[in-house]
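See structure below.
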Amino acid sequence: MQRKNPTLDLSLRAHFGAAGALMLALGVTGCGSESSGGETGDGTEAEAPISQADLVDPDDLLLVEDDASGAIKKGDAAWVLIEARKRAKGDVELIKSALHSLKIAATSAEPTKKLKLNKASYAMWQGEKDGHVFRLHVFRIDGKRLRYTMTAQAGGKGAFKTLFTGIFVKKGDRKGGGRLHIDLDNCAAVGGAAATGKIHVWFANHQDAKIGRRIVYRNVKLKDADGPAWNYGADYIHKFGVGGRYRTVLIGDIDPKLPGIELLALRLRWSLGLGGRADGVYAHVAPPPVKKLATLHECWDAKGLRSAYKDDYAGNDAENPDEGDVSKCSDFAMETPPDTVADVSGSDADPELDALLTEAEAAGIAEADADKVELAE
């Protein structure tokens with residue numbers, strides 16, 4: 001079938017493509033209540049030796065649904081689904097930028113160095129790749145909480161720089177919940193993108209049935225790039241053999257024909273063997289004032305083919321007409337993001353992921369605690 005290109009379709013596709021390029025560039029290097037999580041009273045739990053079982057399994061955090069080639073007509077592949085999944089894969093590349101270095105350092109079962117500091121166990125793994133030296137420092141705070149600090153020495157010379165810090169709350173061997181902070185500026189020194197800012201990643205891999213992650217951008221910006229720094233978030237839940245959920249907020253020059261910066265907030269839900277739906281809000285967000293431009297809804301079947309579509313974007317009906325019933329599809333009712341998400345620091349937290357992160361004790365990790373650098377060199 002010959003594909004046509006409505007205005008909204010073109011502008012959103014162009015932005016998703018640019019976002020994907022950014023994610024790949026950043027990835028090459030590879031909230032809830034707050035508590036600090038100090039040591040136990042007698043220190044005995046903190047003395048347990050540290051092993052690879054205390055390192056989160058990074059492969060658990062890199063899952064994303066597959067996609068296929070896209071189109072815009074009923075019966076063709078659902079393009080909102082496809083482009084959102086590309087964006088989810090971009091999120092995974094950001095996680096890789098942190099966990100890639102962890103995998104390099106912790107290739108051996110036994111750490112390079114082990115010792116006790118103030119009755120607390122410490123271990124350090126060291127690895128090398130492309131001339132860079134990577135060190136993962138792990139402190140046991142208590143029986144289940146561990147502090148990670150990943151450092152790297154560019155070219156094997158000079159000072160070690162911190163790539164990421166974080167807390168892992170262990171629930172089983174390599175399973176649990178946590179919060180990581182990635183420093184893009186320092187990642188650039190060992191082959192990362194020329195970008196500034198930080199990325200915060202919450203995760204939960206303690207259940208057998210599902211895995212969840214939350215990625216939040218903190219003043220992330222490519223050097224020499226136009227537009228404001230990125231401060232949005234993305235929530236993802238993968239339910240093994242069942243389906244999943246994904247929420248994301250994208251900010252940038254989505255439609256070059258419009259002045260300023262636009263935002264697209266999306267909510268996706270799907271069931272394996274049945275299909276799913278996407279609901280979105282499109283808005284102008286900068287410079288102020290914020291102006292809502294459109295809502296959009298798309299349904300797809302078990303093969304990922306569009307079964308219904310609707311938007312209220314001006315002038316878009318001629319080439320991308322409303323078709324089918326979007327009120328309910330694949331047993332999912334309409335769930336449009338609220339207009340309040342339309343903000344340059346927009347986020348759309350998923351309550352199911354909130355509950356999962358709380359259960360894994362990741363939601364209660366304080367920002368200052370996850371941001372702490374602790375070394376024993």
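The way I read the labels, and the way they are meant: chains A, B, ... in the order of the structure tokens, residue 1 as the first residue of every chain, and ligand 1 as the first ligand shown, with later ones counted on from there.
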
Report the closest atom pair, with its distance in Å rounded to one decimal, for each residue of region 76-189 of chain A that has an atom no farther than 10 Å from region 268-276 of chain A; count only C-alpha atoms, sort by chain and then rising residue number, and write it as a tab-separated table.
residue	atom	partner	partner_atom	distance
A:Val80	CA	A:Leu268	CA	9.2
A:Leu81	CA	A:Leu268	CA	7.5
A:Ala84	CA	A:Leu268	CA	8.2
A:Arg85	CA	A:Leu268	CA	9.5

Contacts of region 99-115 of chain A within 7 Å, only C-alpha atoms, excl. fewer than 6 positions in-chain, as a list in words: Thr29, Gly30, Ser51, Gln52, Pro58, Ser121, Tyr122, Ala123, Met124, Trp125, Gln126, Gly127, Glu128, Phe134, Arg135 and Leu136 of chain A

For region 248-251 of chain A, work out the shell of residues within 6 Å, counting only C-alpha atoms and skipping chain neighbours fewer than 2 positions away, then give it as a ChimeraX atom specification. /A:232,234,262-266

Selection export as a compact mmCIF listing (two decimals), in the first residue's frame, atoms kept: N, CA, C and O atoms:
# COMPACT_ATOMS: atom_id res chain seq x y z
N TYR A 232 12.18 15.44 31.23
CA TYR A 232 10.98 14.60 31.25
C TYR A 232 11.30 13.19 31.71
O TYR A 232 12.46 12.85 31.99
N ALA A 234 10.13 8.69 31.66
CA ALA A 234 9.54 7.57 30.93
C ALA A 234 9.41 6.38 31.87
O ALA A 234 10.39 5.99 32.52
N GLU A 262 7.55 21.85 21.24
CA GLU A 262 6.33 21.10 21.47
C GLU A 262 6.59 19.91 22.41
O GLU A 262 7.73 19.54 22.67
N LEU A 263 5.49 19.35 22.90
CA LEU A 263 5.54 18.20 23.80
C LEU A 263 4.55 17.15 23.32
O LEU A 263 3.46 17.48 22.86
N LEU A 264 4.93 15.89 23.43
CA LEU A 264 4.03 14.78 23.15
C LEU A 264 4.07 13.83 24.34
O LEU A 264 5.12 13.26 24.66
N ALA A 265 2.94 13.68 25.02
CA ALA A 265 2.81 12.74 26.13
C ALA A 265 2.04 11.53 25.65
O ALA A 265 0.96 11.67 25.07
N LEU A 266 2.56 10.33 25.87
CA LEU A 266 1.94 9.10 25.39
C LEU A 266 1.76 8.09 26.52
O LEU A 266 2.63 7.96 27.40

Would you give me, as a PyMOL selection string, the residues in region 198-373 of chain A that DSSP reads as alpha helix (DSSP H)? chain A and resi 351-359+367-370

Writer output for current selection, N, CA, C and O atoms, as a PDB file, in the first residue's frame:
ATOM      1  N   PRO A 351       0.943   4.631  38.089  1.00  0.00           N
ATOM      2  CA  PRO A 351       0.700   4.150  39.458  1.00  0.00           C
ATOM      3  C   PRO A 351       1.090   2.690  39.670  1.00  0.00           C
ATOM      4  O   PRO A 351       1.494   2.309  40.773  1.00  0.00           O
ATOM      5  N   GLU A 352       0.978   1.862  38.634  1.00  0.00           N
ATOM      6  CA  GLU A 352       1.389   0.473  38.772  1.00  0.00           C
ATOM      7  C   GLU A 352       2.899   0.372  38.973  1.00  0.00           C
ATOM      8  O   GLU A 352       3.384  -0.433  39.773  1.00  0.00           O
ATOM      9  N   LEU A 353       3.652   1.214  38.256  1.00  0.00           N
ATOM     10  CA  LEU A 353       5.097   1.228  38.453  1.00  0.00           C
ATOM     11  C   LEU A 353       5.440   1.820  39.813  1.00  0.00           C
ATOM     12  O   LEU A 353       6.366   1.348  40.487  1.00  0.00           O
ATOM     13  N   ASP A 354       4.709   2.846  40.247  1.00  0.00           N
ATOM     14  CA  ASP A 354       4.922   3.399  41.588  1.00  0.00           C
ATOM     15  C   ASP A 354       4.835   2.294  42.637  1.00  0.00           C
ATOM     16  O   ASP A 354       5.678   2.201  43.540  1.00  0.00           O
ATOM     17  N   ALA A 355       3.798   1.458  42.535  1.00  0.00           N
ATOM     18  CA  ALA A 355       3.605   0.375  43.506  1.00  0.00           C
ATOM     19  C   ALA A 355       4.734  -0.645  43.428  1.00  0.00           C
ATOM     20  O   ALA A 355       5.212  -1.136  44.459  1.00  0.00           O
ATOM     21  N   LEU A 356       5.178  -0.962  42.209  1.00  0.00           N
ATOM     22  CA  LEU A 356       6.252  -1.936  42.037  1.00  0.00           C
ATOM     23  C   LEU A 356       7.558  -1.420  42.624  1.00  0.00           C
ATOM     24  O   LEU A 356       8.283  -2.157  43.309  1.00  0.00           O
ATOM     25  N   LEU A 357       7.879  -0.157  42.387  1.00  0.00           N
ATOM     26  CA  LEU A 357       9.108   0.431  42.923  1.00  0.00           C
ATOM     27  C   LEU A 357       9.046   0.550  44.440  1.00  0.00           C
ATOM     28  O   LEU A 357      10.062   0.392  45.128  1.00  0.00           O
ATOM     29  N   THR A 358       7.859   0.827  44.975  1.00  0.00           N
ATOM     30  CA  THR A 358       7.700   0.885  46.426  1.00  0.00           C
ATOM     31  C   THR A 358       7.927  -0.486  47.043  1.00  0.00           C
ATOM     32  O   THR A 358       8.630  -0.623  48.054  1.00  0.00           O
ATOM     33  N   GLU A 359       7.357  -1.524  46.445  1.00  0.00           N
ATOM     34  CA  GLU A 359       7.538  -2.890  46.928  1.00  0.00           C
ATOM     35  C   GLU A 359       9.001  -3.300  46.902  1.00  0.00           C
ATOM     36  O   GLU A 359       9.481  -4.010  47.792  1.00  0.00           O
ATOM     37  N   GLU A 367      17.418  11.068  46.970  1.00  0.00           N
ATOM     38  CA  GLU A 367      18.285  11.541  45.891  1.00  0.00           C
ATOM     39  C   GLU A 367      19.715  11.734  46.389  1.00  0.00           C
ATOM     40  O   GLU A 367      20.670  11.353  45.716  1.00  0.00           O
ATOM     41  N   ALA A 368      19.877  12.335  47.583  1.00  0.00           N
ATOM     42  CA  ALA A 368      21.214  12.576  48.117  1.00  0.00           C
ATOM     43  C   ALA A 368      21.941  11.263  48.389  1.00  0.00           C
ATOM     44  O   ALA A 368      23.162  11.166  48.218  1.00  0.00           O
ATOM     45  N   ASP A 369      21.210  10.236  48.796  1.00  0.00           N
ATOM     46  CA  ASP A 369      21.815   8.942  49.071  1.00  0.00           C
ATOM     47  C   ASP A 369      22.307   8.279  47.785  1.00  0.00           C
ATOM     48  O   ASP A 369      23.405   7.746  47.715  1.00  0.00           O
ATOM     49  N   ALA A 370      21.468   8.323  46.748  1.00  0.00           N
ATOM     50  CA  ALA A 370      21.854   7.733  45.454  1.00  0.00           C
ATOM     51  C   ALA A 370      22.963   8.527  44.786  1.00  0.00           C
ATOM     52  O   ALA A 370      23.702   7.991  43.962  1.00  0.00           O
TER      53      ALA A 370
END

I need the residue nearest Phe332 (chain A) from this list: A:Asp279, A:Asp348, A:Asp311, A:Asp60. Use only C-alpha atoms for the distance. A:Asp279

Mind checking DSSP for region 247-367 of chain A and telling me the strand (DSSP E) residues as a PDB file with C-alpha atoms, in the first residue's frame?
ATOM      1  CA  ARG A 247       4.401   6.139  29.463  1.00  0.00           C
ATOM      2  CA  THR A 248       6.696   8.804  28.088  1.00  0.00           C
ATOM      3  CA  VAL A 249       6.897  12.571  27.674  1.00  0.00           C
ATOM      4  CA  LEU A 250       8.861  13.922  24.707  1.00  0.00           C
ATOM      5  CA  ILE A 251       9.917  17.559  24.413  1.00  0.00           C
ATOM      6  CA  GLY A 252      11.568  19.222  21.403  1.00  0.00           C
ATOM      7  CA  ILE A 261       9.027  23.778  21.400  1.00  0.00           C
ATOM      8  CA  GLU A 262       6.327  21.098  21.473  1.00  0.00           C
ATOM      9  CA  LEU A 263       5.540  18.204  23.797  1.00  0.00           C
ATOM     10  CA  LEU A 264       4.033  14.784  23.153  1.00  0.00           C
ATOM     11  CA  ALA A 265       2.814  12.744  26.132  1.00  0.00           C
ATOM     12  CA  LEU A 266       1.942   9.098  25.388  1.00  0.00           C
ATOM     13  CA  ARG A 267       0.377   6.234  27.330  1.00  0.00           C
ATOM     14  CA  LEU A 268       0.588   2.731  25.844  1.00  0.00           C
ATOM     15  CA  ARG A 269      -0.875  -0.560  27.096  1.00  0.00           C
ATOM     16  CA  TRP A 270      -0.859  -3.929  25.344  1.00  0.00           C
ATOM     17  CA  SER A 271      -1.678  -7.609  25.875  1.00  0.00           C
ATOM     18  CA  GLY A 275      -3.387  -6.023  20.919  1.00  0.00           C
ATOM     19  CA  GLY A 276      -3.384  -2.686  22.679  1.00  0.00           C
ATOM     20  CA  ARG A 277      -3.846   1.052  22.508  1.00  0.00           C
ATOM     21  CA  ALA A 278      -2.010   4.389  22.701  1.00  0.00           C
ATOM     22  CA  ASP A 279      -3.438   7.704  23.947  1.00  0.00           C
ATOM     23  CA  GLY A 280      -1.579  10.988  23.662  1.00  0.00           C
ATOM     24  CA  VAL A 281      -1.606  14.731  24.205  1.00  0.00           C
ATOM     25  CA  TYR A 282       0.257  17.098  21.863  1.00  0.00           C
ATOM     26  CA  ALA A 283       0.985  20.671  23.007  1.00  0.00           C
ATOM     27  CA  HIS A 284       3.094  23.784  22.495  1.00  0.00           C
ATOM     28  CA  VAL A 285       5.093  24.330  25.711  1.00  0.00           C
ATOM     29  CA  ALA A 286       7.814  26.955  25.057  1.00  0.00           C
ATOM     30  CA  LYS A 291      -1.204  25.621  24.402  1.00  0.00           C
ATOM     31  CA  LYS A 292      -2.768  22.218  23.861  1.00  0.00           C
ATOM     32  CA  LEU A 293      -2.731  21.351  20.143  1.00  0.00           C
ATOM     33  CA  ALA A 294      -4.342  17.929  19.924  1.00  0.00           C
ATOM     34  CA  THR A 295      -5.189  14.577  21.425  1.00  0.00           C
ATOM     35  CA  LEU A 296      -4.655  11.305  19.563  1.00  0.00           C
ATOM     36  CA  HIS A 297      -5.766   7.705  20.050  1.00  0.00           C
ATOM     37  CA  GLU A 298      -4.730   4.535  18.265  1.00  0.00           C
ATOM     38  CA  CYS A 299      -5.791   0.899  18.665  1.00  0.00           C
ATOM     39  CA  TRP A 300      -4.026  -2.146  17.248  1.00  0.00           C
ATOM     40  CA  ARG A 306      -4.109  -0.484  13.348  1.00  0.00           C
ATOM     41  CA  SER A 307      -7.765  -1.266  14.157  1.00  0.00           C
ATOM     42  CA  ALA A 308      -8.888   2.284  15.000  1.00  0.00           C
ATOM     43  CA  TYR A 309      -7.530   5.841  15.058  1.00  0.00           C
ATOM     44  CA  LYS A 310      -8.683   9.328  16.052  1.00  0.00           C
ATOM     45  CA  ASP A 311      -7.059  12.750  16.509  1.00  0.00           C
ATOM     46  CA  LYS A 328     -12.224   0.687  23.909  1.00  0.00           C
ATOM     47  CA  CYS A 329      -9.810  -1.685  22.205  1.00  0.00           C
ATOM     48  CA  PHE A 332      -8.330  -1.304  27.289  1.00  0.00           C
ATOM     49  CA  ALA A 333     -10.498   1.796  27.797  1.00  0.00           C
TER      50      ALA A 333
END

Near Phe139 (chain A), counting only C-alpha atoms, which residues have an atom at most 10 Å away, once you skip same-chain residues fewer than 5 positions from it, shown as a list of chain:residue names? A:Ala46, A:Glu47, A:Ile50, A:Leu115, A:Lys116, A:Leu117, A:Ala120, A:Ser121, A:Tyr122, A:Ala123, A:Met124, A:Arg145, A:Leu146, A:Arg147, A:Tyr148, A:Thr149, A:Ile167, A:Glu374, A:Leu375, A:Ala376

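Distances here use only C-alpha atoms; by that measure, the residue among A:Ala152, A:Ile82, A:Val216, A:Ala302 closest to Val190 (chain A) is A:Ala152.
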
Could you state the separation of CA of Glu45 (chain A) and CA of Ile365 (chain A) in Å, given to one decimal place?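 Between CA of Glu45 (chain A) and CA of Ile365 (chain A) the gap works out to 19.1 Å.
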
In terms of only C-alpha atoms, the residue from A:Lys303, A:Arg87, A:Arg245, A:Lys170 at minimal distance from Gly143 (chain A) is A:Lys170
